[in-house]
Protein chains: 2
Amino acid sequence: MSEDSAQCDSRNDARKQRLAQFIRRIWDEGDADAADDFLADVYAIRHDPGDGWDGGTLDLEGFKERVRISRAPFPDQRFDIRGMFAEGDAVVMTWLWAGTHRGDIPGFPATGKTIRMSGATVYTFDGDDRITGHWQITDRLGVFQQLHRNLAATA
Amino acid sequence: MSEDSAQCDSRNDARKQRLAQFIRRIWDEGDADAADDFLADVYAIRHDPGDGWDGGTLDLEGFKERVRISRAPFPDQRFDIRGMFAEGDAVVMTWLWAGTHRGDIPGFPATGKTIRMSGATVYTFDGDDRITGHWQITDRLGVFQQLHRNLAATA
């Protein structure tokens, strides 16, 4: 391989490792402050239907607040990364997700039942390998169906 | 670049072009028989929540039937490809989609209104650059919300 290509492959591998660490520390383990180690100063949520921050940008403090709010109903949530595909400034991640519904969601009191989800996320990186934002699709209909089913079962 | 890397980039570019042609001819234009030119003998639907063929495999005739059934409610549907990311045997495609609701869906008679959707799809290829299947997430909740809103507006 030429030096350029080798550097490119090596950079992609490094970004995949960083992304896996980011998912584990921030989203799985809930260490929101660790975002300092992974994110650029501005994080863009370019496309994320149903997400409260869709189309917006967040600074580091805003991102940490998003992590805390998003994780509150599912404090033991875990991502199961199914694939990573790197090209250009992006790493695409496909994933499964599960969490125990332990915190209330408007209209859906906690049930203690497991909720499952899947999705695909395009993460982008800057020249210092910091994450600059995402474009994401999640199967939120599947989540609502589970929440409604659990609500009906406890009614 | 080394010969290997150049061949790899060139193959990825060819696959992206083929994928764009596949989307246009089969899914946008509805030429189901053109699947012969793009697909492997067996097409695997590895993950596609809510899709009637999720987890199954289709032969060429089965795939063409899937195209005809899926397109029937939205005969003028168009994909707007937002990004393509190639690595290994995969090309990931992010997309927006729109179609006029001209055919009945169970519970949702045709309204003539535009329905919009977005999604991300991992397409895989064999050594002859034929498409062997996909792993997909679509924002189907967004579609149901539009269908329900349109149904309520015509009730």
# chains A, B, ... in the order shown; residues from 1 in each chain; ligands from 1

call {"tool": "closest_atom_pairs", "arguments": {"of": "chain B", "to": "chain A", "cutoff": "12 Å", "atoms": "only C-alpha atoms", "output": "CSV"}}
result
residue,atom,partner,partner_atom,distance
B:Met1,CA,A:Ser2,CA,4.9
B:Ser2,CA,A:Met1,CA,4.9
B:Glu3,CA,A:Met1,CA,8.0
B:Asp4,CA,A:Met1,CA,7.4
B:Ser5,CA,A:Met1,CA,6.8
B:Ala6,CA,A:Ser5,CA,9.3
B:Gln7,CA,A:Met1,CA,11.6
B:Cys8,CA,A:Ser5,CA,10.9
B:Asp9,CA,A:Ser5,CA,10.4
B:Asn12,CA,A:Glu87,CA,10.5
B:Asp13,CA,A:Glu87,CA,11.9
B:Arg46,CA,A:Arg82,CA,11.7
B:His47,CA,A:Ser118,CA,9.2
B:Asp48,CA,A:Asp139,CA,9.4
B:Pro49,CA,A:Asp139,CA,7.3
B:Gly50,CA,A:Gly142,CA,8.2
B:Asp51,CA,A:Asp139,CA,11.8
B:Arg82,CA,A:Trp135,CA,10.2
B:Gly83,CA,A:Val122,CA,9.5
B:Met84,CA,A:Glu87,CA,8.7
B:Phe85,CA,A:Glu87,CA,5.5
B:Ala86,CA,A:Glu87,CA,6.3
B:Glu87,CA,A:Phe85,CA,5.5
B:Gly88,CA,A:Phe85,CA,8.0
B:Asp89,CA,A:Phe85,CA,10.0
B:Ala90,CA,A:Phe85,CA,7.9
B:Val91,CA,A:Phe85,CA,8.3
B:Val92,CA,A:Phe85,CA,7.6
B:Met93,CA,A:Val92,CA,9.8
B:Thr94,CA,A:Val122,CA,8.6
B:Trp95,CA,A:Ile137,CA,10.1
B:Leu96,CA,A:His47,CA,10.5
B:Arg116,CA,A:Pro49,CA,11.6
B:Met117,CA,A:Pro49,CA,9.6
B:Ser118,CA,A:Ile137,CA,7.5
B:Gly119,CA,A:Ile137,CA,5.9
B:Ala120,CA,A:Ala120,CA,6.3
B:Thr121,CA,A:Ala120,CA,8.2
B:Val122,CA,A:Thr94,CA,8.6
B:Tyr123,CA,A:Phe85,CA,11.5
B:Thr124,CA,A:Phe85,CA,11.8
B:His134,CA,A:Thr94,CA,11.9
B:Trp135,CA,A:Thr94,CA,8.7
B:Gln136,CA,A:Ala120,CA,8.0
B:Ile137,CA,A:Gly119,CA,5.9
B:Thr138,CA,A:Ile137,CA,6.6
B:Asp139,CA,A:Asp139,CA,6.0
B:Arg140,CA,A:Leu141,CA,6.2
B:Leu141,CA,A:Leu141,CA,4.5
B:Gly142,CA,A:Pro49,CA,7.6
B:Val143,CA,A:Leu141,CA,9.6
B:Phe144,CA,A:Leu141,CA,8.6
B:Gln145,CA,A:Leu141,CA,9.9

call {"tool": "write_last_selection", "arguments": {"atoms": "C-alpha atoms", "output": "PDB file, in the first residue's frame"}}
result
ATOM      1  CA  MET B   1      -1.815   4.283  -4.536  1.00  0.00           C
ATOM      2  CA  SER B   2      -0.898   0.604  -4.791  1.00  0.00           C
ATOM      3  CA  GLU B   3      -2.584  -1.594  -7.353  1.00  0.00           C
ATOM      4  CA  ASP B   4      -4.703  -3.270  -4.652  1.00  0.00           C
ATOM      5  CA  SER B   5      -5.984  -0.011  -3.235  1.00  0.00           C
ATOM      6  CA  ALA B   6      -6.667   1.457  -6.652  1.00  0.00           C
ATOM      7  CA  GLN B   7      -8.632  -1.644  -7.599  1.00  0.00           C
ATOM      8  CA  CYS B   8     -10.533  -1.417  -4.334  1.00  0.00           C
ATOM      9  CA  ASP B   9     -11.490   2.254  -4.831  1.00  0.00           C
ATOM     10  CA  ASN B  12     -16.348   0.772  -4.733  1.00  0.00           C
ATOM     11  CA  ASP B  13     -17.056   3.517  -7.265  1.00  0.00           C
ATOM     12  CA  ARG B  46     -31.247  -9.475   6.999  1.00  0.00           C
ATOM     13  CA  HIS B  47     -32.924  -6.778   9.072  1.00  0.00           C
ATOM     14  CA  ASP B  48     -35.842  -4.561   8.072  1.00  0.00           C
ATOM     15  CA  PRO B  49     -38.289  -3.967  10.958  1.00  0.00           C
ATOM     16  CA  GLY B  50     -41.883  -3.890   9.741  1.00  0.00           C
ATOM     17  CA  ASP B  51     -41.047  -5.244   6.300  1.00  0.00           C
ATOM     18  CA  ARG B  82     -28.154  11.582   0.468  1.00  0.00           C
ATOM     19  CA  GLY B  83     -24.929   9.666   0.932  1.00  0.00           C
ATOM     20  CA  MET B  84     -23.046   6.498   0.026  1.00  0.00           C
ATOM     21  CA  PHE B  85     -20.288   4.946   2.132  1.00  0.00           C
ATOM     22  CA  ALA B  86     -18.407   1.914   0.796  1.00  0.00           C
ATOM     23  CA  GLU B  87     -16.273  -0.515   2.765  1.00  0.00           C
ATOM     24  CA  GLY B  88     -15.582  -4.212   2.312  1.00  0.00           C
ATOM     25  CA  ASP B  89     -18.479  -5.928   0.549  1.00  0.00           C
ATOM     26  CA  ALA B  90     -20.941  -3.199   1.565  1.00  0.00           C
ATOM     27  CA  VAL B  91     -22.247   0.134   0.334  1.00  0.00           C
ATOM     28  CA  VAL B  92     -24.306   2.036   2.902  1.00  0.00           C
ATOM     29  CA  MET B  93     -26.880   4.404   1.452  1.00  0.00           C
ATOM     30  CA  THR B  94     -28.698   7.148   3.370  1.00  0.00           C
ATOM     31  CA  TRP B  95     -31.829   8.416   1.702  1.00  0.00           C
ATOM     32  CA  LEU B  96     -34.958  10.510   1.684  1.00  0.00           C
ATOM     33  CA  ARG B 116     -42.262  11.366   2.962  1.00  0.00           C
ATOM     34  CA  MET B 117     -39.817   8.962   4.582  1.00  0.00           C
ATOM     35  CA  SER B 118     -36.122   8.622   5.355  1.00  0.00           C
ATOM     36  CA  GLY B 119     -33.884   5.656   5.973  1.00  0.00           C
ATOM     37  CA  ALA B 120     -30.468   4.042   5.878  1.00  0.00           C
ATOM     38  CA  THR B 121     -29.682   0.802   4.060  1.00  0.00           C
ATOM     39  CA  VAL B 122     -26.577  -1.387   4.036  1.00  0.00           C
ATOM     40  CA  TYR B 123     -26.422  -3.158   0.666  1.00  0.00           C
ATOM     41  CA  THR B 124     -23.982  -6.057   0.204  1.00  0.00           C
ATOM     42  CA  HIS B 134     -29.701  -5.531   2.707  1.00  0.00           C
ATOM     43  CA  TRP B 135     -29.897  -4.450   6.393  1.00  0.00           C
ATOM     44  CA  GLN B 136     -32.239  -1.499   6.696  1.00  0.00           C
ATOM     45  CA  ILE B 137     -33.870   0.952   9.071  1.00  0.00           C
ATOM     46  CA  THR B 138     -36.672   3.221   7.879  1.00  0.00           C
ATOM     47  CA  ASP B 139     -38.537   5.853   9.857  1.00  0.00           C
ATOM     48  CA  ARG B 140     -41.821   3.963   9.607  1.00  0.00           C
ATOM     49  CA  LEU B 141     -43.297   5.863  12.575  1.00  0.00           C
ATOM     50  CA  GLY B 142     -43.058   9.043  10.504  1.00  0.00           C
ATOM     51  CA  VAL B 143     -44.966   7.325   7.688  1.00  0.00           C
ATOM     52  CA  PHE B 144     -47.730   6.090  10.010  1.00  0.00           C
ATOM     53  CA  GLN B 145     -48.104   9.553  11.520  1.00  0.00           C
TER      54      GLN B 145
END

call {"tool": "residues_around", "arguments": {"residues": "Lys113 (chain A)", "least_positions_apart": "6", "cutoff": "9 Å", "atoms": "only C-alpha atoms", "output": "PDB file with C-alpha atoms, in the first residue's frame"}}
result
ATOM      1  CA  GLY A  99     -32.608  -1.054  27.982  1.00  0.00           C
ATOM      2  CA  THR A 100     -34.849  -1.631  30.989  1.00  0.00           C
ATOM      3  CA  HIS A 101     -37.668   0.907  31.184  1.00  0.00           C
ATOM      4  CA  ARG A 102     -36.923   2.221  34.715  1.00  0.00           C
ATOM      5  CA  ASN A 150     -46.436  -2.795  28.103  1.00  0.00           C
TER       6      ASN A 150
END

call {"tool": "select_by_dssp", "arguments": {"residues": "chain B", "states": "strand (DSSP E or B)", "output": "ChimeraX atom specification"}}
result
/B:39-47,57-58,78-87,90-100,105,108,114-125,131-138

call {"tool": "closest_residue", "arguments": {"among": "B:Gly62, B:Gly107, B:Gly127, B:Gly112", "to": "Asp36 (chain B)", "atoms": "only C-alpha atoms"}}
result
B:Gly62

call {"tool": "residues_around", "arguments": {"residues": "Glu61 (chain A)", "least_positions_apart": "2", "cutoff": "12 Å", "atoms": "only C-alpha atoms", "output": "list in words"}}
result
Ala32, Asp33, Ala34, Ala35, Asp36, Leu39, Ala40, Asp41, Val42, Tyr43, Thr57, Leu58, Asp59, Phe63, Lys64, Glu65, Arg66, Val67 and Arg68 of chain A

call {"tool": "write_last_selection", "arguments": {"atoms": "N, CA, C and O atoms", "output": "PDB file, in the first residue's frame"}}
result
ATOM      1  N   ALA A  32     -21.451  11.087  30.932  1.00  0.00           N
ATOM      2  CA  ALA A  32     -21.668  12.204  30.001  1.00  0.00           C
ATOM      3  C   ALA A  32     -20.435  13.107  29.901  1.00  0.00           C
ATOM      4  O   ALA A  32     -20.119  13.620  28.824  1.00  0.00           O
ATOM      5  N   ASP A  33     -19.729  13.298  31.027  1.00  0.00           N
ATOM      6  CA  ASP A  33     -18.570  14.201  31.012  1.00  0.00           C
ATOM      7  C   ASP A  33     -17.445  13.699  30.112  1.00  0.00           C
ATOM      8  O   ASP A  33     -16.589  14.480  29.690  1.00  0.00           O
ATOM      9  N   ALA A  34     -17.430  12.390  29.828  1.00  0.00           N
ATOM     10  CA  ALA A  34     -16.416  11.848  28.931  1.00  0.00           C
ATOM     11  C   ALA A  34     -16.582  12.380  27.505  1.00  0.00           C
ATOM     12  O   ALA A  34     -15.686  12.208  26.673  1.00  0.00           O
ATOM     13  N   ALA A  35     -17.704  13.039  27.225  1.00  0.00           N
ATOM     14  CA  ALA A  35     -17.885  13.646  25.901  1.00  0.00           C
ATOM     15  C   ALA A  35     -16.737  14.603  25.578  1.00  0.00           C
ATOM     16  O   ALA A  35     -16.382  14.781  24.407  1.00  0.00           O
ATOM     17  N   ASP A  36     -16.161  15.216  26.610  1.00  0.00           N
ATOM     18  CA  ASP A  36     -15.005  16.115  26.406  1.00  0.00           C
ATOM     19  C   ASP A  36     -13.897  15.433  25.606  1.00  0.00           C
ATOM     20  O   ASP A  36     -13.171  16.088  24.862  1.00  0.00           O
ATOM     21  N   LEU A  39     -15.705  14.672  21.485  1.00  0.00           N
ATOM     22  CA  LEU A  39     -16.479  15.541  20.599  1.00  0.00           C
ATOM     23  C   LEU A  39     -15.747  16.815  20.196  1.00  0.00           C
ATOM     24  O   LEU A  39     -14.935  17.341  20.968  1.00  0.00           O
ATOM     25  N   ALA A  40     -16.109  17.311  19.004  1.00  0.00           N
ATOM     26  CA  ALA A  40     -15.698  18.657  18.598  1.00  0.00           C
ATOM     27  C   ALA A  40     -16.484  19.673  19.430  1.00  0.00           C
ATOM     28  O   ALA A  40     -17.412  19.313  20.160  1.00  0.00           O
ATOM     29  N   ASP A  41     -16.133  20.941  19.314  1.00  0.00           N
ATOM     30  CA  ASP A  41     -16.797  21.970  20.128  1.00  0.00           C
ATOM     31  C   ASP A  41     -18.270  22.114  19.774  1.00  0.00           C
ATOM     32  O   ASP A  41     -19.082  22.509  20.621  1.00  0.00           O
ATOM     33  N   VAL A  42     -18.601  21.842  18.512  1.00  0.00           N
ATOM     34  CA  VAL A  42     -19.994  21.913  18.078  1.00  0.00           C
ATOM     35  C   VAL A  42     -20.396  20.554  17.510  1.00  0.00           C
ATOM     36  O   VAL A  42     -19.664  19.975  16.691  1.00  0.00           O
ATOM     37  N   TYR A  43     -21.544  20.055  17.957  1.00  0.00           N
ATOM     38  CA  TYR A  43     -22.055  18.756  17.515  1.00  0.00           C
ATOM     39  C   TYR A  43     -23.370  19.005  16.781  1.00  0.00           C
ATOM     40  O   TYR A  43     -24.314  19.578  17.345  1.00  0.00           O
ATOM     41  N   THR A  57     -27.806  22.213  16.652  1.00  0.00           N
ATOM     42  CA  THR A  57     -26.427  21.980  17.055  1.00  0.00           C
ATOM     43  C   THR A  57     -26.335  22.110  18.566  1.00  0.00           C
ATOM     44  O   THR A  57     -27.131  22.818  19.195  1.00  0.00           O
ATOM     45  N   LEU A  58     -25.355  21.422  19.127  1.00  0.00           N
ATOM     46  CA  LEU A  58     -25.160  21.436  20.573  1.00  0.00           C
ATOM     47  C   LEU A  58     -23.706  21.764  20.880  1.00  0.00           C
ATOM     48  O   LEU A  58     -22.805  21.289  20.183  1.00  0.00           O
ATOM     49  N   ASP A  59     -23.486  22.555  21.925  1.00  0.00           N
ATOM     50  CA  ASP A  59     -22.123  22.662  22.442  1.00  0.00           C
ATOM     51  C   ASP A  59     -21.898  21.500  23.409  1.00  0.00           C
ATOM     52  O   ASP A  59     -22.797  20.675  23.623  1.00  0.00           O
ATOM     53  N   PHE A  63     -24.663  18.859  24.785  1.00  0.00           N
ATOM     54  CA  PHE A  63     -24.603  17.435  24.459  1.00  0.00           C
ATOM     55  C   PHE A  63     -24.706  16.585  25.721  1.00  0.00           C
ATOM     56  O   PHE A  63     -25.424  15.585  25.763  1.00  0.00           O
ATOM     57  N   LYS A  64     -24.004  17.005  26.767  1.00  0.00           N
ATOM     58  CA  LYS A  64     -24.049  16.236  28.024  1.00  0.00           C
ATOM     59  C   LYS A  64     -25.467  16.221  28.595  1.00  0.00           C
ATOM     60  O   LYS A  64     -25.935  15.199  29.121  1.00  0.00           O
ATOM     61  N   GLU A  65     -26.164  17.355  28.480  1.00  0.00           N
ATOM     62  CA  GLU A  65     -27.545  17.426  28.959  1.00  0.00           C
ATOM     63  C   GLU A  65     -28.426  16.478  28.146  1.00  0.00           C
ATOM     64  O   GLU A  65     -29.293  15.781  28.699  1.00  0.00           O
ATOM     65  N   ARG A  66     -28.191  16.421  26.815  1.00  0.00           N
ATOM     66  CA  ARG A  66     -28.940  15.502  25.966  1.00  0.00           C
ATOM     67  C   ARG A  66     -28.709  14.053  26.402  1.00  0.00           C
ATOM     68  O   ARG A  66     -29.632  13.249  26.452  1.00  0.00           O
ATOM     69  N   VAL A  67     -27.468  13.707  26.728  1.00  0.00           N
ATOM     70  CA  VAL A  67     -27.158  12.348  27.184  1.00  0.00           C
ATOM     71  C   VAL A  67     -27.934  12.032  28.461  1.00  0.00           C
ATOM     72  O   VAL A  67     -28.587  10.986  28.577  1.00  0.00           O
ATOM     73  N   ARG A  68     -27.911  12.962  29.417  1.00  0.00           N
ATOM     74  CA  ARG A  68     -28.576  12.705  30.709  1.00  0.00           C
ATOM     75  C   ARG A  68     -30.085  12.550  30.523  1.00  0.00           C
ATOM     76  O   ARG A  68     -30.696  11.643  31.086  1.00  0.00           O
TER      77      ARG A  68
END

call {"tool": "residues_around", "arguments": {"residues": "Gln77 (chain A)", "least_positions_apart": "3", "cutoff": "8 Å", "atoms": "only C-alpha atoms", "output": "PyMOL selection string"}}
result
chain A and resi 27-28+71+74+97-100

call {"tool": "select_by_dssp", "arguments": {"residues": "chain B", "states": "helix (DSSP H, G or I)", "output": "ChimeraX atom specification"}}
result
/B:3-28,32-37,60-71,140-154

call {"tool": "atom_distance", "arguments": {"atom1": "CA of Pro73 (chain A)", "atom2": "CA of Ile23 (chain A)"}}
result
17.5 Å

call {"tool": "atom_distance", "arguments": {"atom1": "CA of Ile69 (chain A)", "atom2": "CA of Asp54 (chain A)"}}
result
14.8 Å

call {"tool": "closest_residue", "arguments": {"among": "B:Phe79, B:Trp53, B:Phe38, B:Phe108", "to": "Arg24 (chain B)", "atoms": "only C-alpha atoms"}}
result
B:Phe79
